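Enquirer: Below: one structure in structure tokens.
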Amino acid sequence: MKEAKSDRLKRLQIVYIVVFLMFVAIILRLAQIQIQQGSDYANELADRSYKKDYIPAMRGNIYDRNGYVIAESRPSHLAVFREQEVMEKKAYFVLVEKLEKILSLDKATLLKKMDVGYAYEKGNYVEAARQLPRYLEKELKVDLTDKEIAVLGEHRGELPGIEVVTKPIRKYDPKQIAVQAVGYVRPFHIAENVKLASYKDEITQYLPNQLVGFDGIELSYEKELRGSNGYRMYEVAANQTVVKQVEEVPSVPGNHVYLTIDQRVQLDIRDSIRAFLPKLRATIPEARAAKGAYVVAVEVKTGKVVAMVSYPEYDPNVWIEGPDQKTYDEIKLAVTNGTIREAPYDTRPLTGEAAIQEGYKHPGSIVPSGSVLKPITVLLGLQEGIIAPSDRWNDGGVYHYGRGTDRIKNDSSKAHGIITPAISLQKSSNTYMARIGEELSRRKGKESAAVLQSYYHAFGLGVQTGVDLPNENKGKEDYLVMDENYGPLAAMVQASFGQQVRATTVQLAQFAATLANKGVRLQPQMVDKITDAEGKLVKSYTPKTMSTFPHPDKYWDILEQGMVLVTKPGGTAVRAYEGMPFQVAAKTGTSEQDIYVPVTVTDEKTGQKKTRWKMHRRITNGVSISYAPVDDPVLAVAVIVPEGGYGGRSAAIISRSVYDVYNKHIGIK
């Protein structure tokens, strides 16, 4: 027993000794690592870092109401240039000469895209100002072919700073569908550089070269379309080799936006305008300079915009790689959406100073609305008790007001004889309206302008319509300026027949729809619904009432009767609407506008040159509002043709084509 116990003690002692020696070895090794090799490991750890490789989100698509793709994002292989920290002038030139053969782009184009401080002009390299920060990645060519990708990869060592990357790019339908309403995209760093207000506090959401909305739906629905960027986090060694991936957050694609626009209706209207304007210029002397037309068609019961045409248009795909100066000069006059804000006159093919001077001689897209506003004057007269529904008045063609020295004339001073409120609209009597304007100023005095303004605002004139597009113009209320300068009498008389309000096309469309809805003003709606990338509904849109303006039905009946008579024999738009399968209620306008041009004069006393504005000529603009069918309104249409001459011969003709196209593709009944 004693021997066995002694053996166990010896074995335990051996185990204790072995364990002790092992602990000693471990401690010695730890000491060696910490003391002798600690600095080496610390240096190695310090040399390691983390790199975040961002994954750009795929931007959502834009569709028409039927699911037709208008704008889409898709992956593309791009050649990009990342400028190296140390690159000499000669290195740029050598690189360009190699890339010229691979990418089939000339030296001048490549240097412009690389933006390295040099240009290629007339066979020589010359210095040029940089346009962008040095650190930004510059895109040289999108949609590389398989051969171009292979050659770039094969010669990568000879092409410093050149890489092939995959990025989402934006493509627009080549048929140019509602291009100004849809808008366009540009890299985020450009939005940041021009201080676009929408992105003031959004810097953390974007990569410098990520495409963001710059106008139209692309801008107003940016947060829905953009998605969320992802990233991969890598641990990298001092030599920049990847040790391992430590984290991945996938990108989330943007939502898809479905417009209320019907691309079939949109394109057919655009094409009819394209065919009509040359005929108008050739046959109507007053319209010989008419080169633009602006159309908005709204569904009466919902406010959905089925067509929004700002003509002329352009190809928005020029923004994919960014237009050069020549291309931009060619498209800049067509980029602005003239249905919601002021678009310039199309002076092409003139360029430079000649184009600028010619532009002064023509109106933009926002012109005096003219006689289309007369239904409001009649409604005001009825509601304020100035006229009665049974009113009968002898129109002698000329109306003297005030002390009798000032006068208002009908077109060609035509006398219409005994007329009623409805007939005054059919004949578009200026004198009948002036009579209402004068009596308003007599009764309301200094409050006249405020009373008139309340009527205009109730129909969406002088206020923003609420259309879901950026930078909407609320038009001009010139009668307020006239009231301040000349008093209420002159202001109310001149405003009574439409010369003192300049409304946008979308405002006039809302006005027409409000007439059809008997005073219920709906917000014009551009987006029907939003879905996620899988097609699941994210948000739907319902009609939104902006205001209501209730009046007795007998007043609305008078306005409608008068607007129907406009399309009948003796009306101002009988030719435009004859033979239609349903009844249209319409009002045409032929607004007069004085055009002033700048002239340089020398001050006789100081010798200094000054710019003054000189009367150039008086032009007439064609305007039209309408809705149909009268018994159950479905569609309201507004058309402006700057310098179009009589509205019945220009704007109303285009309006007729809108109903024909809508009836063909969707159906009025």
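Numbering starts fresh at 1 for the residues of each chain in the structure tokens, the chains themselves are lettered A, B, ... in the order given, and ligands are numbered from 1 as they appear.
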Could you give me the residues within segment 263-444 of chain A that DSSP places in alpha helix (DSSP H), as a PyMOL selection string?

Expert: chain A and resi 263-283+325-331+352-359+374-383+421-427+430-444

Enquirer: Run DSSP on the backbone and give me the residues of segment 58-141 of chain A it puts in strand (DSSP E or B), as a ChimeraX atom specification.

Expert: /A:62-63,69-81,118-121,124-127,138-141

Enquirer: Residues as selected, N, CA and C atoms, written as an mmCIF file, in the first residue's frame, can you do that?

Expert:
data_model
loop_
_atom_site.group_PDB
_atom_site.id
_atom_site.type_symbol
_atom_site.label_atom_id
_atom_site.label_comp_id
_atom_site.auth_asym_id
_atom_site.auth_seq_id
_atom_site.Cartn_x
_atom_site.Cartn_y
_atom_site.Cartn_z
ATOM 1 N N ILE A 62 -38.683 55.218 -64.295
ATOM 2 C CA ILE A 62 -39.869 56.054 -64.465
ATOM 3 C C ILE A 62 -40.682 55.475 -65.621
ATOM 4 N N TYR A 63 -41.964 55.210 -65.342
ATOM 5 C CA TYR A 63 -42.862 54.616 -66.333
ATOM 6 C C TYR A 63 -44.023 55.565 -66.635
ATOM 7 N N VAL A 69 -41.674 52.053 -70.203
ATOM 8 C CA VAL A 69 -40.464 52.606 -69.596
ATOM 9 C C VAL A 69 -40.064 53.901 -70.295
ATOM 10 N N ILE A 70 -40.018 54.990 -69.514
ATOM 11 C CA ILE A 70 -39.583 56.286 -70.039
ATOM 12 C C ILE A 70 -38.124 56.543 -69.679
ATOM 13 N N ALA A 71 -37.754 56.228 -68.444
ATOM 14 C CA ALA A 71 -36.361 56.389 -67.992
ATOM 15 C C ALA A 71 -35.991 55.168 -67.177
ATOM 16 N N GLU A 72 -34.832 54.609 -67.442
ATOM 17 C CA GLU A 72 -34.417 53.408 -66.720
ATOM 18 C C GLU A 72 -32.935 53.471 -66.376
ATOM 19 N N SER A 73 -32.581 52.717 -65.349
ATOM 20 C CA SER A 73 -31.179 52.569 -64.964
ATOM 21 C C SER A 73 -30.746 51.148 -65.290
ATOM 22 N N ARG A 74 -29.550 51.027 -65.777
ATOM 23 C CA ARG A 74 -29.003 49.704 -66.065
ATOM 24 C C ARG A 74 -27.506 49.734 -65.847
ATOM 25 N N PRO A 75 -26.908 48.577 -65.523
ATOM 26 C CA PRO A 75 -25.458 48.560 -65.327
ATOM 27 C C PRO A 75 -24.721 48.748 -66.650
ATOM 28 N N SER A 76 -23.594 49.416 -66.567
ATOM 29 C CA SER A 76 -22.791 49.659 -67.766
ATOM 30 C C SER A 76 -21.317 49.589 -67.395
ATOM 31 N N HIS A 77 -20.506 49.073 -68.307
ATOM 32 C CA HIS A 77 -19.054 49.079 -68.123
ATOM 33 C C HIS A 77 -18.509 50.412 -68.609
ATOM 34 N N LEU A 78 -17.792 51.106 -67.746
ATOM 35 C CA LEU A 78 -17.252 52.421 -68.061
ATOM 36 C C LEU A 78 -15.731 52.425 -67.959
ATOM 37 N N ALA A 79 -15.098 53.214 -68.812
ATOM 38 C CA ALA A 79 -13.675 53.519 -68.650
ATOM 39 C C ALA A 79 -13.580 54.812 -67.854
ATOM 40 N N VAL A 80 -12.878 54.769 -66.708
ATOM 41 C CA VAL A 80 -12.755 55.957 -65.864
ATOM 42 C C VAL A 80 -11.284 56.285 -65.661
ATOM 43 N N PHE A 81 -11.053 57.543 -65.335
ATOM 44 C CA PHE A 81 -9.690 58.021 -65.106
ATOM 45 C C PHE A 81 -9.595 58.590 -63.693
ATOM 46 N N TYR A 118 -5.164 70.473 -69.567
ATOM 47 C CA TYR A 118 -4.648 70.600 -70.931
ATOM 48 C C TYR A 118 -5.753 70.315 -71.931
ATOM 49 N N ALA A 119 -5.600 70.893 -73.125
ATOM 50 C CA ALA A 119 -6.538 70.660 -74.218
ATOM 51 C C ALA A 119 -5.745 70.389 -75.487
ATOM 52 N N TYR A 120 -6.438 69.835 -76.483
ATOM 53 C CA TYR A 120 -5.796 69.564 -77.769
ATOM 54 C C TYR A 120 -6.498 70.397 -78.822
ATOM 55 N N GLU A 121 -5.794 71.412 -79.336
ATOM 56 C CA GLU A 121 -6.389 72.337 -80.290
ATOM 57 C C GLU A 121 -5.482 72.514 -81.503
ATOM 58 N N ASN A 124 -2.148 70.796 -81.488
ATOM 59 C CA ASN A 124 -1.190 71.098 -80.421
ATOM 60 C C ASN A 124 -1.834 70.937 -79.044
ATOM 61 N N TYR A 125 -1.003 70.541 -78.071
ATOM 62 C CA TYR A 125 -1.439 70.489 -76.679
ATOM 63 C C TYR A 125 -1.268 71.876 -76.069
ATOM 64 N N VAL A 126 -2.329 72.375 -75.457
ATOM 65 C CA VAL A 126 -2.281 73.706 -74.847
ATOM 66 C C VAL A 126 -2.846 73.624 -73.434
ATOM 67 N N GLU A 127 -2.476 74.587 -72.613
ATOM 68 C CA GLU A 127 -3.000 74.621 -71.253
ATOM 69 C C GLU A 127 -4.470 75.041 -71.261
ATOM 70 N N LYS A 138 -13.081 60.626 -63.257
ATOM 71 C CA LYS A 138 -13.616 61.189 -64.506
ATOM 72 C C LYS A 138 -14.049 60.041 -65.438
ATOM 73 N N GLU A 139 -15.273 60.113 -65.913
ATOM 74 C CA GLU A 139 -15.786 59.080 -66.805
ATOM 75 C C GLU A 139 -15.405 59.415 -68.246
ATOM 76 N N LEU A 140 -14.760 58.454 -68.919
ATOM 77 C CA LEU A 140 -14.284 58.676 -70.283
ATOM 78 C C LEU A 140 -15.227 58.104 -71.336
ATOM 79 N N LYS A 141 -15.779 56.921 -71.059
ATOM 80 C CA LYS A 141 -16.665 56.306 -72.042
ATOM 81 C C LYS A 141 -17.555 55.288 -71.353
#

Enquirer: Please produce, as CSV, a per-residue contact table for segment 302-346 of chain A versus segment 256-263 of chain A (criterion: any atom at most 9 Å away, only C-alpha atoms considered), showing the nearest atom pair and its distance in Å to one decimal, sorted by chain then residue number.

Expert:
residue,atom,partner,partner_atom,distance
A:Lys304,CA,A:Thr260,CA,5.8
A:Val305,CA,A:Thr260,CA,5.7
A:Val306,CA,A:Ile261,CA,4.3
A:Ala307,CA,A:Ile261,CA,5.4
A:Met308,CA,A:Ile261,CA,7.7

Enquirer: Would you work out the distance separating atom CA of Ser413 of chain A from atom CA of Asn394 of chain A, expressed in Å to one decimal?

Expert: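 Between atom CA of Ser413 of chain A and atom CA of Asn394 of chain A the gap works out to 13.7 Å.
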
Enquirer: Can you measure atom CA of Val574 of chain A to atom CA of Gly589 of chain A for me? One decimal in Å is fine.

Expert: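 A separation of 13.7 Å between them.
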
Enquirer: Just the residues within 10 Å of Asp268 of chain A, please, counting only C-alpha atoms, with nothing from its chain fewer than 4 positions along; format it as a PDB file with all heavy atoms, in the first residue's frame.

Expert:
ATOM      1  N   GLN A 263     -47.958  57.824 -72.669  1.00  0.00           N
ATOM      2  CA  GLN A 263     -46.953  58.149 -73.684  1.00  0.00           C
ATOM      3  C   GLN A 263     -47.533  58.169 -75.091  1.00  0.00           C
ATOM      4  O   GLN A 263     -47.059  58.907 -75.955  1.00  0.00           O
ATOM      5  CB  GLN A 263     -45.764  57.168 -73.587  1.00  0.00           C
ATOM      6  CG  GLN A 263     -46.084  55.698 -73.785  1.00  0.00           C
ATOM      7  CD  GLN A 263     -45.938  55.232 -75.219  1.00  0.00           C
ATOM      8  OE1 GLN A 263     -45.342  55.934 -76.026  1.00  0.00           O
ATOM      9  NE2 GLN A 263     -46.479  54.068 -75.543  1.00  0.00           N
ATOM     10  N   ARG A 264     -48.582  57.426 -75.338  1.00  0.00           N
ATOM     11  CA  ARG A 264     -49.201  57.434 -76.677  1.00  0.00           C
ATOM     12  C   ARG A 264     -49.849  58.792 -76.949  1.00  0.00           C
ATOM     13  O   ARG A 264     -49.678  59.385 -78.024  1.00  0.00           O
ATOM     14  CB  ARG A 264     -50.245  56.328 -76.779  1.00  0.00           C
ATOM     15  CG  ARG A 264     -49.731  54.925 -76.529  1.00  0.00           C
ATOM     16  CD  ARG A 264     -50.878  53.965 -76.331  1.00  0.00           C
ATOM     17  NE  ARG A 264     -51.721  54.360 -75.212  1.00  0.00           N
ATOM     18  CZ  ARG A 264     -52.882  53.765 -74.893  1.00  0.00           C
ATOM     19  NH1 ARG A 264     -53.331  52.756 -75.621  1.00  0.00           N
ATOM     20  NH2 ARG A 264     -53.597  54.190 -73.855  1.00  0.00           N
ATOM     21  N   SER A 272     -48.348  66.156 -83.625  1.00  0.00           N
ATOM     22  CA  SER A 272     -49.308  67.027 -84.307  1.00  0.00           C
ATOM     23  C   SER A 272     -48.844  68.479 -84.257  1.00  0.00           C
ATOM     24  O   SER A 272     -49.034  69.227 -85.225  1.00  0.00           O
ATOM     25  CB  SER A 272     -50.695  66.885 -83.681  1.00  0.00           C
ATOM     26  OG  SER A 272     -50.741  67.451 -82.381  1.00  0.00           O
ATOM     27  N   ILE A 273     -48.227  68.880 -83.151  1.00  0.00           N
ATOM     28  CA  ILE A 273     -47.671  70.236 -83.042  1.00  0.00           C
ATOM     29  C   ILE A 273     -46.524  70.414 -84.030  1.00  0.00           C
ATOM     30  O   ILE A 273     -46.430  71.430 -84.726  1.00  0.00           O
ATOM     31  CB  ILE A 273     -47.184  70.505 -81.607  1.00  0.00           C
ATOM     32  CG1 ILE A 273     -48.375  70.588 -80.649  1.00  0.00           C
ATOM     33  CG2 ILE A 273     -46.357  71.785 -81.536  1.00  0.00           C
ATOM     34  CD1 ILE A 273     -47.983  70.635 -79.195  1.00  0.00           C
ATOM     35  N   ARG A 274     -45.684  69.421 -84.106  1.00  0.00           N
ATOM     36  CA  ARG A 274     -44.530  69.467 -85.013  1.00  0.00           C
ATOM     37  C   ARG A 274     -44.980  69.645 -86.462  1.00  0.00           C
ATOM     38  O   ARG A 274     -44.338  70.359 -87.246  1.00  0.00           O
ATOM     39  CB  ARG A 274     -43.714  68.177 -84.853  1.00  0.00           C
ATOM     40  CG  ARG A 274     -42.460  68.099 -85.678  1.00  0.00           C
ATOM     41  CD  ARG A 274     -41.765  66.770 -85.449  1.00  0.00           C
ATOM     42  NE  ARG A 274     -41.146  66.689 -84.137  1.00  0.00           N
ATOM     43  CZ  ARG A 274     -40.678  65.567 -83.600  1.00  0.00           C
ATOM     44  NH1 ARG A 274     -40.791  64.420 -84.255  1.00  0.00           N
ATOM     45  NH2 ARG A 274     -40.112  65.576 -82.416  1.00  0.00           N
ATOM     46  N   ALA A 307     -51.106  64.538 -70.418  1.00  0.00           N
ATOM     47  CA  ALA A 307     -50.098  65.000 -71.380  1.00  0.00           C
ATOM     48  C   ALA A 307     -49.595  66.367 -70.952  1.00  0.00           C
ATOM     49  O   ALA A 307     -50.375  67.209 -70.500  1.00  0.00           O
ATOM     50  CB  ALA A 307     -50.671  65.063 -72.792  1.00  0.00           C
ATOM     51  N   SER A 657     -56.816  68.639 -81.603  1.00  0.00           N
ATOM     52  CA  SER A 657     -56.016  67.419 -81.808  1.00  0.00           C
ATOM     53  C   SER A 657     -55.825  66.655 -80.506  1.00  0.00           C
ATOM     54  O   SER A 657     -55.739  65.420 -80.512  1.00  0.00           O
ATOM     55  CB  SER A 657     -54.666  67.767 -82.434  1.00  0.00           C
ATOM     56  OG  SER A 657     -53.827  68.420 -81.509  1.00  0.00           O
ATOM     57  N   VAL A 658     -55.776  67.372 -79.383  1.00  0.00           N
ATOM     58  CA  VAL A 658     -55.627  66.711 -78.082  1.00  0.00           C
ATOM     59  C   VAL A 658     -56.834  65.816 -77.808  1.00  0.00           C
ATOM     60  O   VAL A 658     -56.696  64.658 -77.389  1.00  0.00           O
ATOM     61  CB  VAL A 658     -55.467  67.748 -76.957  1.00  0.00           C
ATOM     62  CG1 VAL A 658     -55.436  67.052 -75.589  1.00  0.00           C
ATOM     63  CG2 VAL A 658     -54.189  68.560 -77.153  1.00  0.00           C
ATOM     64  N   ASP A 660     -58.904  64.544 -80.015  1.00  0.00           N
ATOM     65  CA  ASP A 660     -58.901  63.442 -80.975  1.00  0.00           C
ATOM     66  C   ASP A 660     -57.948  62.335 -80.532  1.00  0.00           C
ATOM     67  O   ASP A 660     -58.283  61.144 -80.591  1.00  0.00           O
ATOM     68  CB  ASP A 660     -58.500  63.952 -82.358  1.00  0.00           C
ATOM     69  CG  ASP A 660     -59.578  64.811 -83.005  1.00  0.00           C
ATOM     70  OD1 ASP A 660     -60.742  64.724 -82.572  1.00  0.00           O
ATOM     71  OD2 ASP A 660     -59.242  65.589 -83.926  1.00  0.00           O
ATOM     72  N   VAL A 661     -56.765  62.732 -80.088  1.00  0.00           N
ATOM     73  CA  VAL A 661     -55.761  61.751 -79.669  1.00  0.00           C
ATOM     74  C   VAL A 661     -56.206  61.025 -78.398  1.00  0.00           C
ATOM     75  O   VAL A 661     -56.086  59.798 -78.283  1.00  0.00           O
ATOM     76  CB  VAL A 661     -54.405  62.454 -79.443  1.00  0.00           C
ATOM     77  CG1 VAL A 661     -53.437  61.535 -78.723  1.00  0.00           C
ATOM     78  CG2 VAL A 661     -53.814  62.912 -80.771  1.00  0.00           C
ATOM     79  N   TYR A 662     -56.710  61.778 -77.431  1.00  0.00           N
ATOM     80  CA  TYR A 662     -57.170  61.167 -76.182  1.00  0.00           C
ATOM     81  C   TYR A 662     -58.316  60.195 -76.454  1.00  0.00           C
ATOM     82  O   TYR A 662     -58.362  59.080 -75.910  1.00  0.00           O
ATOM     83  CB  TYR A 662     -57.614  62.253 -75.207  1.00  0.00           C
ATOM     84  CG  TYR A 662     -58.005  61.733 -73.830  1.00  0.00           C
ATOM     85  CD1 TYR A 662     -57.066  61.638 -72.811  1.00  0.00           C
ATOM     86  CD2 TYR A 662     -59.316  61.347 -73.568  1.00  0.00           C
ATOM     87  CE1 TYR A 662     -57.420  61.166 -71.555  1.00  0.00           C
ATOM     88  CE2 TYR A 662     -59.682  60.866 -72.310  1.00  0.00           C
ATOM     89  CZ  TYR A 662     -58.734  60.784 -71.305  1.00  0.00           C
ATOM     90  OH  TYR A 662     -59.094  60.309 -70.068  1.00  0.00           O
ATOM     91  N   HIS A 665     -56.917  56.876 -78.019  1.00  0.00           N
ATOM     92  CA  HIS A 665     -56.142  55.944 -77.195  1.00  0.00           C
ATOM     93  C   HIS A 665     -56.811  55.568 -75.876  1.00  0.00           C
ATOM     94  O   HIS A 665     -56.604  54.461 -75.374  1.00  0.00           O
ATOM     95  CB  HIS A 665     -54.766  56.542 -76.900  1.00  0.00           C
ATOM     96  CG  HIS A 665     -53.890  56.676 -78.106  1.00  0.00           C
ATOM     97  ND1 HIS A 665     -53.413  55.589 -78.800  1.00  0.00           N
ATOM     98  CD2 HIS A 665     -53.411  57.779 -78.747  1.00  0.00           C
ATOM     99  CE1 HIS A 665     -52.671  56.014 -79.821  1.00  0.00           C
ATOM    100  NE2 HIS A 665     -52.659  57.328 -79.816  1.00  0.00           N
TER     101      HIS A 665
END

Enquirer: Which residues are near segment 544-552 of chain A? Cut-off 7 Å, only C-alpha atoms, ignore same chain within fewer than 5 positions. Put them as a VMD selection string.

Expert: chain A and resid 458 519 to 523

Enquirer: Would you put the residues from that selection into a file with C-alpha atoms, as a PDB file, in the first residue's frame?

Expert:
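Saved as again_6.pdb:
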ATOM      1  CA  ALA A 458     -59.897  80.478 -56.672  1.00  0.00           C
ATOM      2  CA  GLY A 519     -65.471  75.627 -58.615  1.00  0.00           C
ATOM      3  CA  VAL A 520     -63.679  72.587 -57.172  1.00  0.00           C
ATOM      4  CA  ARG A 521     -59.976  73.122 -57.828  1.00  0.00           C
ATOM      5  CA  LEU A 522     -57.914  69.904 -57.869  1.00  0.00           C
ATOM      6  CA  GLN A 523     -54.153  69.667 -57.691  1.00  0.00           C
TER       7      GLN A 523
END
